[in-house]
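For reference, the structure discussed in these notes is given below.
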Amino acid sequence: MPSTPYVSAAAFRAHPTYLDLDSLRPDDPDPAAQDAVLTNLLLQASSWADNECDQPLGAHLFIQSGRVRTDRAGRIRMHADHGPVSTVTGVGYGWSPTSLTTLAAPSAWVEDGSNLVIGLGGASGAWTGSLQLGFGSGPGAETFARISYVAGYVATQLADAAEAGATSLQVADPTGIEPGGQYRIWEPGAEETVTVSPVWQPPTPTGMPATTSVLLAAPTLVAHESGHDFSDMPADARLAVVNYAMALLVRPDSSAEDEFPDTAMASTTRGKDSRRTGVGLVNEARRILSSYQRVR
């Protein structure tokens, strides 16, 4: 489950859903309490989208192991289980899965976001197998490989407010952000696309990312508040999350026949209402996400 929803509560409220979002927690007029409930629903919708795609949509570090064969040029090829791949961060290879040589700076070519071509030159440790032809194994030889890479789309939030003309932004999770990349700030009324400076050095991806300052190629046009989406996730994938969250909010009252196909979650936001159920929204979300499903 993602730790941050792919669509913030503020961005969802700005979407023309025409739903009552001010009584999600009955008898509690605090806007922060209402947003907390909405954020939980959006986390559920984001997790549902991941499950539909059989992979996380948000940028994440993934480690994949398998058996591959080296070619005559000293390269290995592997189809990435998760995608799209943005960066290969580490490579280990060897004749035995318990004795792998690591590459200090792997040279990788990513084709179509999922096919990895990796040169085995420049290993940081000695080859421990019986074959040694400059790149670690003879052409066609079976090799065990463990490859770590960053896959998915950047889907984080601003960790701090920024004035207009800011030359850097604080983000909650830098995973997947690349020098020269373009990212959208989805702040209602203050949307803009920013470009990361080509000289910015991203931190080494980890499983526990920390708040990071991202240097921009040009200053921001407007001021921004914290908590808004900083993302390069395609707009239609975000719409799928919105649609599913809407379906969670408009499902029939629990006293009526349950026509919602995926969850038994109860909701008090609709009650006895003559409007149709959220089945059509779920089907549309599924249609959108079909192009983002994992390809094995």
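Just remember, in the structure tokens the first chain shown is A, the second B, etc., residues are 1-based per chain, and ligands are 1-based in the order shown.
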
May I have the residues within 12 Å of Thr17 of chain A as a ChimeraX atom specification, using only C-alpha atoms and disregarding those fewer than 5 positions away in the same chain? /A:11-12,239,242-247,249-250,281

Selection to disk with N, CA and C atoms, as a tab-separated table (two decimals), in the first residue's frame:
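Written file, again_27.tsv:
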```tsv
chain	number	residue	atom	x	y	z
A	11	ALA	N	-6.62	17.99	-4.22
A	11	ALA	CA	-6.84	17.78	-5.65
A	11	ALA	C	-8.17	17.07	-5.89
A	12	PHE	N	-8.53	16.13	-5.01
A	12	PHE	CA	-9.81	15.45	-5.16
A	12	PHE	C	-10.97	16.41	-4.95
A	239	LEU	N	-6.85	10.03	-12.77
A	239	LEU	CA	-8.30	10.03	-12.91
A	239	LEU	C	-8.89	8.69	-12.49
A	242	VAL	N	-9.25	8.83	-8.85
A	242	VAL	CA	-10.38	9.70	-8.51
A	242	VAL	C	-11.70	8.94	-8.71
A	243	ASN	N	-11.82	8.24	-9.84
A	243	ASN	CA	-13.06	7.52	-10.13
A	243	ASN	C	-13.35	6.45	-9.09
A	244	TYR	N	-12.33	5.72	-8.69
A	244	TYR	CA	-12.57	4.67	-7.70
A	244	TYR	C	-12.92	5.28	-6.34
A	245	ALA	N	-12.26	6.38	-5.98
A	245	ALA	CA	-12.60	7.04	-4.72
A	245	ALA	C	-14.04	7.55	-4.76
A	246	MET	N	-14.48	8.07	-5.90
A	246	MET	CA	-15.87	8.49	-6.04
A	246	MET	C	-16.81	7.31	-5.85
A	247	ALA	N	-16.43	6.15	-6.42
A	247	ALA	CA	-17.27	4.97	-6.29
A	247	ALA	C	-17.39	4.55	-4.83
A	249	LEU	N	-17.45	6.51	-2.38
A	249	LEU	CA	-18.29	7.50	-1.70
A	249	LEU	C	-19.76	7.43	-2.11
A	250	VAL	N	-20.08	6.88	-3.28
A	250	VAL	CA	-21.46	6.89	-3.74
A	250	VAL	C	-22.11	5.51	-3.72
A	281	LEU	N	-18.21	3.94	-12.54
A	281	LEU	CA	-16.94	4.59	-12.23
A	281	LEU	C	-15.83	3.56	-12.07
```

Applying 9 Å and only C-alpha atoms, which residues near segment 163-178 of chain A remain after dropping the ones on its own chain fewer than 3 positions away? List them as a ChimeraX atom specification. /A:58-61,86-87,150-160,181-183,196-198,200-206,208-227,230

I need the chosen residues saved as a compact mmCIF listing (two decimals), in the first residue's frame, with N, CA and C atoms.
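Result saved to again.txt:
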```
# COMPACT_ATOMS: atom_id res chain seq x y z
N GLY A 58 3.28 4.12 -8.21
CA GLY A 58 4.20 5.14 -7.71
C GLY A 58 5.64 4.67 -7.78
N ALA A 59 6.56 5.63 -7.90
CA ALA A 59 7.99 5.30 -7.99
C ALA A 59 8.45 4.55 -6.75
N HIS A 60 9.20 3.47 -6.97
CA HIS A 60 9.64 2.63 -5.87
C HIS A 60 10.90 1.88 -6.26
N LEU A 61 11.66 1.49 -5.26
CA LEU A 61 12.86 0.68 -5.48
C LEU A 61 12.47 -0.78 -5.46
N SER A 86 13.09 3.67 -14.56
CA SER A 86 13.77 4.94 -14.81
C SER A 86 15.27 4.85 -14.58
N THR A 87 15.68 4.06 -13.58
CA THR A 87 17.10 3.99 -13.23
C THR A 87 17.44 2.60 -12.71
N VAL A 150 14.71 1.49 -10.05
CA VAL A 150 13.57 2.32 -9.68
C VAL A 150 12.56 2.23 -10.81
N ALA A 151 11.32 1.91 -10.46
CA ALA A 151 10.24 1.79 -11.44
C ALA A 151 9.04 2.58 -10.95
N GLY A 152 8.15 2.88 -11.89
CA GLY A 152 6.93 3.61 -11.54
C GLY A 152 7.06 5.11 -11.76
N TYR A 153 6.00 5.82 -11.41
CA TYR A 153 5.92 7.26 -11.63
C TYR A 153 6.09 8.02 -10.31
N VAL A 154 6.75 9.15 -10.38
CA VAL A 154 6.89 9.99 -9.19
C VAL A 154 5.50 10.41 -8.71
N ALA A 155 5.23 10.18 -7.44
CA ALA A 155 3.92 10.52 -6.88
C ALA A 155 4.12 10.87 -5.41
N THR A 156 4.72 12.03 -5.18
CA THR A 156 4.99 12.48 -3.83
C THR A 156 4.27 13.80 -3.59
N GLN A 157 4.57 14.45 -2.48
CA GLN A 157 3.94 15.72 -2.14
C GLN A 157 4.98 16.72 -1.67
N LEU A 158 4.65 17.99 -1.77
CA LEU A 158 5.53 19.03 -1.26
C LEU A 158 5.58 18.91 0.26
N ALA A 159 6.79 18.89 0.80
CA ALA A 159 6.96 18.75 2.25
C ALA A 159 7.01 20.09 2.96
N ASP A 160 7.10 21.17 2.19
CA ASP A 160 7.18 22.50 2.79
C ASP A 160 6.61 23.50 1.81
N GLY A 181 14.14 16.26 -15.37
CA GLY A 181 12.76 15.78 -15.48
C GLY A 181 11.74 16.89 -15.23
N GLN A 182 10.56 16.72 -15.80
CA GLN A 182 9.47 17.68 -15.60
C GLN A 182 8.38 17.04 -14.73
N TYR A 183 7.89 17.84 -13.77
CA TYR A 183 6.91 17.33 -12.81
C TYR A 183 5.83 18.39 -12.59
N VAL A 196 13.35 19.99 -13.13
CA VAL A 196 14.46 19.80 -12.20
C VAL A 196 15.76 20.18 -12.89
N SER A 197 16.64 20.83 -12.15
CA SER A 197 17.93 21.24 -12.72
C SER A 197 18.72 20.03 -13.20
N PRO A 198 19.36 20.13 -14.36
CA PRO A 198 20.16 19.00 -14.85
C PRO A 198 21.39 18.73 -14.00
N TRP A 200 21.25 18.78 -10.64
CA TRP A 200 20.84 18.26 -9.33
C TRP A 200 21.23 16.79 -9.22
N GLN A 201 21.75 16.41 -8.07
CA GLN A 201 22.17 15.04 -7.84
C GLN A 201 21.15 14.33 -6.95
N PRO A 202 20.38 13.39 -7.48
CA PRO A 202 19.39 12.69 -6.64
C PRO A 202 20.08 11.82 -5.61
N PRO A 203 19.46 11.65 -4.45
CA PRO A 203 20.04 10.75 -3.45
C PRO A 203 19.90 9.30 -3.89
N THR A 204 20.70 8.44 -3.30
CA THR A 204 20.60 7.02 -3.60
C THR A 204 19.25 6.49 -3.14
N PRO A 205 18.48 5.87 -4.03
CA PRO A 205 17.15 5.37 -3.64
C PRO A 205 17.24 4.33 -2.53
N THR A 206 16.33 4.43 -1.58
CA THR A 206 16.27 3.47 -0.48
C THR A 206 14.82 3.09 -0.23
N MET A 208 13.41 3.55 2.54
CA MET A 208 12.87 4.50 3.51
C MET A 208 13.33 5.91 3.13
N PRO A 209 12.70 6.51 2.11
CA PRO A 209 13.13 7.82 1.64
C PRO A 209 12.89 8.91 2.67
N ALA A 210 13.66 9.98 2.56
CA ALA A 210 13.56 11.11 3.48
C ALA A 210 13.27 12.38 2.70
N THR A 211 12.75 13.38 3.39
CA THR A 211 12.48 14.67 2.77
C THR A 211 13.76 15.20 2.11
N THR A 212 13.63 15.68 0.89
CA THR A 212 14.79 16.08 0.10
C THR A 212 14.51 17.40 -0.61
N SER A 213 15.53 18.23 -0.71
CA SER A 213 15.43 19.48 -1.46
C SER A 213 15.78 19.21 -2.92
N VAL A 214 14.91 19.60 -3.83
CA VAL A 214 15.11 19.38 -5.27
C VAL A 214 15.39 20.71 -5.93
N LEU A 215 16.55 20.83 -6.55
CA LEU A 215 16.94 22.05 -7.24
C LEU A 215 16.22 22.16 -8.58
N LEU A 216 15.70 23.34 -8.88
CA LEU A 216 14.93 23.55 -10.11
C LEU A 216 15.78 24.24 -11.18
N ALA A 217 15.42 23.98 -12.44
CA ALA A 217 16.11 24.63 -13.55
C ALA A 217 15.66 26.08 -13.71
N ALA A 218 14.45 26.41 -13.27
CA ALA A 218 13.92 27.77 -13.33
C ALA A 218 13.04 27.99 -12.10
N PRO A 219 12.95 29.22 -11.62
CA PRO A 219 12.15 29.49 -10.41
C PRO A 219 10.67 29.19 -10.63
N THR A 220 9.98 28.90 -9.53
CA THR A 220 8.54 28.67 -9.60
C THR A 220 7.83 29.97 -9.99
N LEU A 221 6.70 29.83 -10.65
CA LEU A 221 5.93 30.99 -11.09
C LEU A 221 5.05 31.54 -9.99
N VAL A 222 4.56 30.66 -9.11
CA VAL A 222 3.63 31.07 -8.06
C VAL A 222 4.07 30.43 -6.75
N ALA A 223 3.48 30.88 -5.66
CA ALA A 223 3.75 30.29 -4.35
C ALA A 223 2.99 28.97 -4.20
N HIS A 224 3.51 28.09 -3.36
CA HIS A 224 2.89 26.79 -3.16
C HIS A 224 2.84 26.46 -1.67
N GLU A 225 1.76 25.80 -1.27
CA GLU A 225 1.61 25.32 0.09
C GLU A 225 2.08 23.87 0.17
N SER A 226 2.40 23.43 1.37
CA SER A 226 2.83 22.04 1.56
C SER A 226 1.65 21.09 1.41
N GLY A 227 1.94 19.83 1.13
CA GLY A 227 0.91 18.81 1.06
C GLY A 227 0.28 18.61 -0.29
N PHE A 230 3.25 16.44 -6.09
CA PHE A 230 4.39 16.70 -6.97
C PHE A 230 4.57 15.40 -7.73
```

With a distance cut-off of 6 Å and only C-alpha atoms, select the neighbouring residues of segment 107-122 of chain A, excluding the residue or stretch itself and same-chain residues fewer than 5 positions from it, and output the selection as a PyMOL selection string. chain A and resi 74-80+83-85+135

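You can rank A:Tyr18, A:Ala9, A:Glu52, A:Asp236 by their closest distance to Leu38 of chain A using only C-alpha atoms, and at the top of that list sits A:Ala9.
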
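Excluding Arg294 of chain A and any residue on its chain fewer than 4 positions from it, the residues at most 7 Å away by only C-alpha atoms are Cys53, Asp54, Gln55 and His82 of chain A.
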
Please identify the strand (DSSP E or B) residues within segment 43-283 of chain A (assignment by DSSP from backbone atoms) and present them as a PyMOL selection string. chain A and resi 58+60-70+75-79+85-96+99-103+107-111+115-119+123+142-151+153+155-158+162+168-171+182-186+192-196+212-216+224+229-231

Tell me, which residues of segment 6-83 of chain A carry DSSP alpha helix (DSSP H), written as a ChimeraX atom specification? /A:9-14,31-53

For segment 62-67 of chain A, please output as number ranges by chain all residues within 6 Å (counting only C-alpha atoms; exclusion window: fewer than 4 positions along the same chain). A: 143-149

Go ahead and save the picked residues with N, CA and C atoms, as a JSON list (two decimals), in the first residue's frame.
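Okay, this is what ended up in part28.json:
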```json
[["chain", "number", "residue", "atom", "x", "y", "z"],
["A", 143, "THR", "N", 23.98, -17.23, -16.03],
["A", 143, "THR", "CA", 24.48, -16.40, -14.95],
["A", 143, "THR", "C", 23.33, -16.03, -14.02],
["A", 144, "PHE", "N", 23.58, -16.08, -12.74],
["A", 144, "PHE", "CA", 22.61, -15.58, -11.77],
["A", 144, "PHE", "C", 22.77, -14.07, -11.67],
["A", 145, "ALA", "N", 21.65, -13.37, -11.64],
["A", 145, "ALA", "CA", 21.71, -11.90, -11.58],
["A", 145, "ALA", "C", 20.69, -11.38, -10.57],
["A", 146, "ARG", "N", 21.11, -10.36, -9.85],
["A", 146, "ARG", "CA", 20.21, -9.63, -8.95],
["A", 146, "ARG", "C", 20.35, -8.15, -9.31],
["A", 147, "ILE", "N", 19.22, -7.57, -9.79],
["A", 147, "ILE", "CA", 19.25, -6.20, -10.30],
["A", 147, "ILE", "C", 18.26, -5.36, -9.49],
["A", 148, "SER", "N", 18.73, -4.24, -9.00],
["A", 148, "SER", "CA", 17.85, -3.29, -8.31],
["A", 148, "SER", "C", 17.62, -2.09, -9.23],
["A", 149, "TYR", "N", 16.38, -1.63, -9.25],
["A", 149, "TYR", "CA", 16.06, -0.51, -10.11],
["A", 149, "TYR", "C", 14.87, 0.26, -9.55]]
```
